[in-house]
Amino acid sequence: MTIEERIVNAVQAGVTALYSMEANASQVQLQKTKAEFEGHLTVVVFPFVKAARKSPEQVGEELGKYLAENLGDVVEKYNVVKGFLNLVVSDAPWVELLNKINSDEQFGFKPVTASSPLVMIEYSSPNTNKPLHLGHVRNNLLGAALARIVEANGNKVVKTNIVNDRGIHICKSMLAWLKWGNGETPESSGKKGDHLIGDYYVLFDKHYKAECDELSKQYMAEGMDADAAKEKAKQEAPLIKEAHAMLVKWEKNDAEVRALWRKMNEWVYAGFDETYKMMGVSFDKIYYESDTYLEGKEKVMEGLEKGLFYKREDGSVWADLTGEGLDEKLLLRSDGTSVYMTQDIGTAKLRFQDFPIDKMIYVVGNEQNYHFQVLSILLDKLGFKWGKDLVHFSYGMVELPNGKMKSREGTVVDADDLMAAMIEDAYKASEDKMKTLDMDEDEAREVARKVGLGALKYFILKVDARKNMLFNPEESIDFNGNTGPFIQYTYARIQSIMRKAKEQGINIPESLNTDVKISTKETELIQKLNQFEAAVRQAGIDYSPSGICNYCYELTKQFNQFYHDFTILGEQNEAVKVFRLSLCKAVAMVVKNGMGLLGIEMPERM
RNA sequence: GGUCCGGUAGCUCAGUUGGAUUAGAGCAACAGCCUUCUAAGCUGUGGGUCAAGGGUUCGAAUCCCUUCCGGAUCACCA
């Protein structure tokens with residue numbers, strides 16, 4: 001039983017004995033004592049004053065006395081301020097707690113067993129016509145972190161990715177490549193496949209725009225008003241017509257178009273793989289829209305037969321969700337082709353065939369909140385048991401100082417460029433340091449990679465996911481303050497201490513003696529360490545990687561203050577020295593576990 | 001217009017199931033600290049009507065209502 005649990009139990013027993021009040025555990029509010037008061041833990045007595053019919057101060061005194069008498073091995077002394085009962089916990093329980101933390105490499109994680117629920121997490125979901133940008137980075141980092149957090153809470157996790165590999169946007173790139181590409185390949189140009197295809201997508205758009213401008217001028221000369229002319233030009237431009245023709249050919253399985261499509265998609269996948277690898281992101285199962293986009297139709301027809309949906313005169317199929325307070329939603333076009341929603345139903349069907357899913361989490365931007373509200377209802381109606389409480393992990397946009405990212409206006413931050421720049425910055429920022437640490441070039445580059453990516457990941461994950469966030473590329477990302485590198489740096493310093501302790505032949509025993517005299521600062525650190533478990537649980541409930549970030553930062557900051565106030569290796573008292581080293585060890589392990597959940601690697605030196 | 005989500009220091013953000021006369025970090029500014037376990041660090045100063053108003057109660061940044069501002073969404077686009 002933990003210290004907290006023992007106190008809570010004792011308080012429950014206390015109010016029953018003193019005031020004949022049955023208090024459940026949630027009524028006993030136990031919190032960390034504020035720094036300006038003496039004590040470790042504080043009991044809030046307000047919930048009991050009514051039953052006691054006494055002043056909060058009186059209740060605090062009585063309860064404090066009761067605890068001191070009945071829980072003497074834990075509560076050393078107490079004091080009462082207003083309605084708050086501050087408890088000073090004796091040393092031995094803290095040492096026991098530290099021993100417990102240090103005895104478990106997987107501290108804070110729940111084991112996954114055969115009977116654990118299976119949670120599928122979908123994230124990334126790229127289009128194959130352009131490279132990944134900063135928005136995708138947020139998606140990928142959130143998705144991957146979430147997968148680890150959910151797993152750390154004792155669930156089986158399947159990470160999945162649905163690749164949008166078909167549609168008009170792909171045809172645009174293909175057409176541009178045919179027209180102006182001269183057979184350029186990733187090998188011949190030295191470009192990454194996804195960037196190569198992205199370039200042709202942009203090229204298409206440039207030519208298309210030029211055609212539109214010219215055409216709309218022509219229409220206006222013929223007497224059309226400006227808006228109508230623009231609209232018509234968009235549809236009548238030869239390039240878009242050609243792209244549409246290509247899409248039709250693709251749907252009809254035209255051998256030539258399909259071969260080109262496959263070839264170009266392969267280039268893109270090779271490019272994505274590199275980006276994913278650099279980001280440290282992976283998937284257990286990848287679905288392709290070209291395989292799933294027809295699947296949904298069948299399910300929709302099934303629902304139509306069951307009377308869940310209805311057909312309009314023109315042959316289109318709709319779901320009436322006005323009963324749920326939503327609108328009517330199109331599921332099949334009048335020509336029988338599927339829409340976005342139909343595809344997601346189809347993908348759900350395939351996934352459920354492949355895995356016994358208990359819970360589904362979709363990591364998708366908040367612009368699709370409505371879509372997932374509808375999808376949840378539809379999947380539920382269609383009989384998917386996880387449909388009703390599917391989770392749309394909805395995250396906000398990444399904005400730039402001058403507004404949103406727009407790929408056509410060239411105001412995107414490319415994922416590959418960004419990661420490379422971060423790593424380079426980290427390398428430059430630490431060149432002097434690496435010399436003094438006597439690192440060779442390889443190690444220096446490896447450290448820079450961990451630090452640069454750590455900075456980027458932490459920067460993105462520390463912000464509450466559902467909020468829009470601002471990214472300023474010029475100012476780039478700081479390596480000081482509340483950042484990934486700050487935490488990594490602290491870790492590296494602890495590792496350095498541990499190495500030196502080893503050189504000096506100091507052994508840290510598995511289990512410390514409980515008769516060490518320890519200071520308040522030290523107990524505060526142990527308390528903080530012990531909160532890791534709660535932080536992981538909470539993150540699993542809220543789906544909040546940012547909660548883990550905050551925890552890691554607070555722990556690290558606290559350790560840094562400790563580090564400057566205390567000597568560790570220079571400590572004269574051998575027992576205290578060993579105790580502090582043991583504390584260092586625990587901090588390092590917990591920080592590494594926490595940052596590991598975020599996908600951030602910890603360098604042993606930096 | 002309907003629905004959903006945001007609004008906390010000059011800037012970027014925290015703020016646990018409502019808790020402590022003083023709402024926290026980081027950046028930026030200013031002042032200190034490297035003969036001492038890694039200064040990517042530590043200490044201090046300045047900076048706030050928690051968008052506004054009302055309500056609930058021992059107690060509100062947090063819960064409820066109204067208003068204001070910002071964003072998203074409401075397609076036979078994906």
# chains A, B, ... in the order shown; residues from 1 in each chain; ligands from 1
>>> residues_around(residues="segment 462-465 of chain A", least_positions_apart="2", cutoff="9 Å", atoms="only C-alpha atoms (C1' of nucleotides)", output="PyMOL selection string")
(chain A and resi 138+142+393-396+457-460+467-469+483+544-550) or (chain B and resi 13-14)
>>> interface_residues(of="chain A", to="chain B", cutoff="6 Å", atoms="only C-alpha atoms (C1' of nucleotides)", output="PyMOL selection string")
chain A and resi 333+367+480-482+493+497+569
>>> residues_around(residues="segment 165-176 of chain A", least_positions_apart="4", cutoff="10 Å", atoms="only C-alpha atoms (C1' of nucleotides)", output="JSON, numbers by chain")
{"A": [125, 126, 127, 128, 129, 130, 180, 181, 196, 197, 198, 199, 200, 201, 202, 203, 204, 205, 207, 208, 239, 240, 242, 243, 244, 245, 246, 247, 248, 250, 251, 257, 260, 261, 262, 264, 265, 268, 287, 288, 289, 290, 291, 293], "B": [78]}
>>> residues_around(residues="A51 of chain B", least_positions_apart="4", cutoff="12 Å", atoms="only C-alpha atoms (C1' of nucleotides)", output="mmCIF file with N, CA, C and O atoms (P, O5', C5', C4', C3', O3' and C1' of nucleotides), in the first residue's frame")
data_model
loop_
_atom_site.group_PDB
_atom_site.id
_atom_site.type_symbol
_atom_site.label_atom_id
_atom_site.label_comp_id
_atom_site.auth_asym_id
_atom_site.auth_seq_id
_atom_site.Cartn_x
_atom_site.Cartn_y
_atom_site.Cartn_z
ATOM 1 P P G B 6 -12.816 23.589 -25.593
ATOM 2 O "O5'" G B 6 -11.559 24.357 -26.188
ATOM 3 C "C5'" G B 6 -11.124 25.529 -25.590
ATOM 4 C "C4'" G B 6 -10.296 26.317 -26.565
ATOM 5 C "C3'" G B 6 -10.008 27.719 -26.072
ATOM 6 O "O3'" G B 6 -8.830 27.739 -25.294
ATOM 7 C "C1'" G B 6 -10.958 27.847 -28.212
ATOM 8 P P G B 7 -8.901 28.441 -23.831
ATOM 9 O "O5'" G B 7 -8.799 29.975 -24.252
ATOM 10 C "C5'" G B 7 -7.736 30.432 -25.087
ATOM 11 C "C4'" G B 7 -7.910 31.895 -25.372
ATOM 12 C "C3'" G B 7 -7.910 32.766 -24.121
ATOM 13 O "O3'" G B 7 -7.217 33.981 -24.366
ATOM 14 C "C1'" G B 7 -9.937 33.077 -25.309
ATOM 15 P P U B 8 -5.674 34.017 -24.017
ATOM 16 O "O5'" U B 8 -5.690 33.779 -22.447
ATOM 17 C "C5'" U B 8 -6.235 34.780 -21.584
ATOM 18 C "C4'" U B 8 -5.670 34.640 -20.214
ATOM 19 C "C3'" U B 8 -4.155 34.769 -20.122
ATOM 20 O "O3'" U B 8 -3.721 36.125 -20.114
ATOM 21 C "C1'" U B 8 -4.839 32.869 -18.914
ATOM 22 P P A B 61 -10.884 32.196 -9.661
ATOM 23 O "O5'" A B 61 -10.350 32.104 -11.165
ATOM 24 C "C5'" A B 61 -11.067 32.732 -12.222
ATOM 25 C "C4'" A B 61 -10.819 31.999 -13.514
ATOM 26 C "C3'" A B 61 -11.583 30.679 -13.656
ATOM 27 O "O3'" A B 61 -12.859 30.887 -14.212
ATOM 28 C "C1'" A B 61 -9.288 30.354 -14.166
ATOM 29 P P U B 67 -26.635 35.234 -25.782
ATOM 30 O "O5'" U B 67 -25.569 36.424 -25.710
ATOM 31 C "C5'" U B 67 -25.987 37.793 -25.655
ATOM 32 C "C4'" U B 67 -24.814 38.689 -25.361
ATOM 33 C "C3'" U B 67 -23.662 38.618 -26.357
ATOM 34 O "O3'" U B 67 -23.908 39.375 -27.525
ATOM 35 C "C1'" U B 67 -22.804 38.559 -24.160
ATOM 36 P P C B 68 -23.196 38.901 -28.899
ATOM 37 O "O5'" C B 68 -21.687 39.351 -28.679
ATOM 38 C "C5'" C B 68 -21.353 40.734 -28.524
ATOM 39 C "C4'" C B 68 -19.883 40.873 -28.211
ATOM 40 C "C3'" C B 68 -18.940 40.210 -29.202
ATOM 41 O "O3'" C B 68 -18.733 40.991 -30.362
ATOM 42 C "C1'" C B 68 -18.268 39.674 -27.006
ATOM 43 P P C B 69 -18.432 40.265 -31.757
ATOM 44 O "O5'" C B 69 -16.947 39.708 -31.561
ATOM 45 C "C5'" C B 69 -15.837 40.608 -31.549
ATOM 46 C "C4'" C B 69 -14.568 39.869 -31.222
ATOM 47 C "C3'" C B 69 -14.194 38.739 -32.176
ATOM 48 O "O3'" C B 69 -13.585 39.207 -33.358
ATOM 49 C "C1'" C B 69 -13.962 37.979 -29.960
ATOM 50 P P G B 70 -13.790 38.372 -34.719
ATOM 51 O "O5'" G B 70 -12.878 37.082 -34.506
ATOM 52 C "C5'" G B 70 -11.467 37.202 -34.510
ATOM 53 C "C4'" G B 70 -10.829 35.885 -34.162
ATOM 54 C "C3'" G B 70 -11.187 34.704 -35.051
ATOM 55 O "O3'" G B 70 -10.507 34.710 -36.288
ATOM 56 C "C1'" G B 70 -11.285 34.029 -32.799
#
>>> select_by_dssp(residues="segment 9-198 of chain A", states="helix (DSSP H, G or I)", output="MDAnalysis selection string")
chainID A and resid 9:19 25:27 46:52 56:70 91:102 134:152 168:180 186:189 193:198
>>> write_last_selection(atoms="C-alpha atoms", output="PDB file, in the first residue's frame")
ATOM      1  CA  ASN A   9      -7.702   4.886   4.782  1.00  0.00           C
ATOM      2  CA  ALA A  10      -6.741   6.317   8.134  1.00  0.00           C
ATOM      3  CA  VAL A  11      -8.663   9.531   7.465  1.00  0.00           C
ATOM      4  CA  GLN A  12     -11.724   7.505   6.528  1.00  0.00           C
ATOM      5  CA  ALA A  13     -11.451   5.523   9.730  1.00  0.00           C
ATOM      6  CA  GLY A  14     -10.838   8.759  11.631  1.00  0.00           C
ATOM      7  CA  VAL A  15     -13.953  10.603  10.526  1.00  0.00           C
ATOM      8  CA  THR A  16     -16.015   7.527  11.212  1.00  0.00           C
ATOM      9  CA  ALA A  17     -14.609   7.204  14.716  1.00  0.00           C
ATOM     10  CA  LEU A  18     -14.750  10.921  15.534  1.00  0.00           C
ATOM     11  CA  TYR A  19     -17.905  12.066  13.775  1.00  0.00           C
ATOM     12  CA  ALA A  25     -12.218   7.446  -0.626  1.00  0.00           C
ATOM     13  CA  SER A  26     -13.045  10.172  -3.146  1.00  0.00           C
ATOM     14  CA  GLN A  27     -14.215  12.477  -0.360  1.00  0.00           C
ATOM     15  CA  PHE A  46     -13.886  20.899   4.428  1.00  0.00           C
ATOM     16  CA  PRO A  47     -15.843  17.821   3.355  1.00  0.00           C
ATOM     17  CA  PHE A  48     -16.112  16.758   7.013  1.00  0.00           C
ATOM     18  CA  VAL A  49     -16.965  19.995   8.782  1.00  0.00           C
ATOM     19  CA  LYS A  50     -20.677  19.633   8.184  1.00  0.00           C
ATOM     20  CA  ALA A  51     -20.890  16.208   9.789  1.00  0.00           C
ATOM     21  CA  ALA A  52     -18.595  17.300  12.620  1.00  0.00           C
ATOM     22  CA  PRO A  56     -12.475  23.594  10.064  1.00  0.00           C
ATOM     23  CA  GLU A  57      -9.561  24.328  12.413  1.00  0.00           C
ATOM     24  CA  GLN A  58     -11.026  22.138  15.127  1.00  0.00           C
ATOM     25  CA  VAL A  59     -11.699  19.302  12.735  1.00  0.00           C
ATOM     26  CA  GLY A  60      -8.143  19.589  11.427  1.00  0.00           C
ATOM     27  CA  GLU A  61      -6.705  19.387  14.937  1.00  0.00           C
ATOM     28  CA  GLU A  62      -8.807  16.401  15.906  1.00  0.00           C
ATOM     29  CA  LEU A  63      -8.084  14.545  12.719  1.00  0.00           C
ATOM     30  CA  GLY A  64      -4.384  15.346  12.983  1.00  0.00           C
ATOM     31  CA  LYS A  65      -4.288  13.999  16.506  1.00  0.00           C
ATOM     32  CA  TYR A  66      -6.098  10.873  15.404  1.00  0.00           C
ATOM     33  CA  LEU A  67      -3.643  10.267  12.549  1.00  0.00           C
ATOM     34  CA  ALA A  68      -0.595  10.852  14.751  1.00  0.00           C
ATOM     35  CA  GLU A  69      -1.905   8.298  17.213  1.00  0.00           C
ATOM     36  CA  ASN A  70      -3.126   5.682  14.768  1.00  0.00           C
ATOM     37  CA  ASP A  91      11.632   9.225   6.541  1.00  0.00           C
ATOM     38  CA  ALA A  92      11.241   5.474   6.334  1.00  0.00           C
ATOM     39  CA  PRO A  93       8.145   5.370   4.088  1.00  0.00           C
ATOM     40  CA  TRP A  94       9.883   7.613   1.558  1.00  0.00           C
ATOM     41  CA  VAL A  95      12.864   5.332   1.350  1.00  0.00           C
ATOM     42  CA  GLU A  96      10.543   2.377   0.879  1.00  0.00           C
ATOM     43  CA  LEU A  97       8.816   4.224  -1.920  1.00  0.00           C
ATOM     44  CA  LEU A  98      12.112   4.957  -3.621  1.00  0.00           C
ATOM     45  CA  ASN A  99      13.095   1.308  -3.305  1.00  0.00           C
ATOM     46  CA  LYS A 100       9.851   0.309  -4.908  1.00  0.00           C
ATOM     47  CA  ILE A 101      10.325   2.666  -7.858  1.00  0.00           C
ATOM     48  CA  ASN A 102      13.897   1.527  -8.373  1.00  0.00           C
ATOM     49  CA  LEU A 134       4.309  20.182 -40.454  1.00  0.00           C
ATOM     50  CA  GLY A 135       0.611  19.381 -40.052  1.00  0.00           C
ATOM     51  CA  HIS A 136       1.369  15.721 -40.733  1.00  0.00           C
ATOM     52  CA  VAL A 137       4.212  15.895 -38.262  1.00  0.00           C
ATOM     53  CA  ARG A 138       1.808  16.891 -35.523  1.00  0.00           C
ATOM     54  CA  ASN A 139      -0.527  14.088 -36.545  1.00  0.00           C
ATOM     55  CA  ASN A 140       2.210  11.461 -36.634  1.00  0.00           C
ATOM     56  CA  LEU A 141       3.814  12.472 -33.368  1.00  0.00           C
ATOM     57  CA  LEU A 142       0.478  12.587 -31.574  1.00  0.00           C
ATOM     58  CA  GLY A 143      -0.584   9.259 -33.034  1.00  0.00           C
ATOM     59  CA  ALA A 144       2.632   7.470 -32.192  1.00  0.00           C
ATOM     60  CA  ALA A 145       2.734   8.920 -28.667  1.00  0.00           C
ATOM     61  CA  LEU A 146      -0.888   8.018 -28.123  1.00  0.00           C
ATOM     62  CA  ALA A 147      -0.231   4.449 -29.206  1.00  0.00           C
ATOM     63  CA  ARG A 148       2.518   4.129 -26.601  1.00  0.00           C
ATOM     64  CA  ILE A 149       0.432   5.746 -23.892  1.00  0.00           C
ATOM     65  CA  VAL A 150      -2.523   3.490 -24.581  1.00  0.00           C
ATOM     66  CA  GLU A 151      -0.213   0.486 -24.505  1.00  0.00           C
ATOM     67  CA  ALA A 152       1.356   1.671 -21.248  1.00  0.00           C
ATOM     68  CA  ILE A 168      -8.004  13.355 -58.873  1.00  0.00           C
ATOM     69  CA  HIS A 169      -5.026  14.751 -56.986  1.00  0.00           C
ATOM     70  CA  ILE A 170      -2.884  11.775 -57.915  1.00  0.00           C
ATOM     71  CA  CYS A 171      -3.920  12.104 -61.541  1.00  0.00           C
ATOM     72  CA  LYS A 172      -2.793  15.708 -61.536  1.00  0.00           C
ATOM     73  CA  SER A 173       0.734  14.715 -60.570  1.00  0.00           C
ATOM     74  CA  MET A 174       0.743  11.859 -63.072  1.00  0.00           C
ATOM     75  CA  LEU A 175      -0.418  14.077 -65.901  1.00  0.00           C
ATOM     76  CA  ALA A 176       2.133  16.762 -65.148  1.00  0.00           C
ATOM     77  CA  TRP A 177       4.882  14.166 -65.062  1.00  0.00           C
ATOM     78  CA  LEU A 178       3.802  12.762 -68.433  1.00  0.00           C
ATOM     79  CA  LYS A 179       3.673  16.201 -69.991  1.00  0.00           C
ATOM     80  CA  TRP A 180       6.771  17.869 -68.610  1.00  0.00           C
ATOM     81  CA  PRO A 186      14.028   9.759 -58.142  1.00  0.00           C
ATOM     82  CA  GLU A 187      17.288   8.128 -59.226  1.00  0.00           C
ATOM     83  CA  SER A 188      17.890  10.408 -62.203  1.00  0.00           C
ATOM     84  CA  SER A 189      17.041  13.583 -60.314  1.00  0.00           C
ATOM     85  CA  GLY A 193      10.187  10.259 -54.434  1.00  0.00           C
ATOM     86  CA  ASP A 194       7.510  12.140 -52.519  1.00  0.00           C
ATOM     87  CA  HIS A 195       9.187  15.453 -53.211  1.00  0.00           C
ATOM     88  CA  LEU A 196       9.490  14.636 -56.894  1.00  0.00           C
ATOM     89  CA  ILE A 197       5.779  13.888 -57.162  1.00  0.00           C
ATOM     90  CA  GLY A 198       4.948  16.924 -55.081  1.00  0.00           C
TER      91      GLY A 198
END
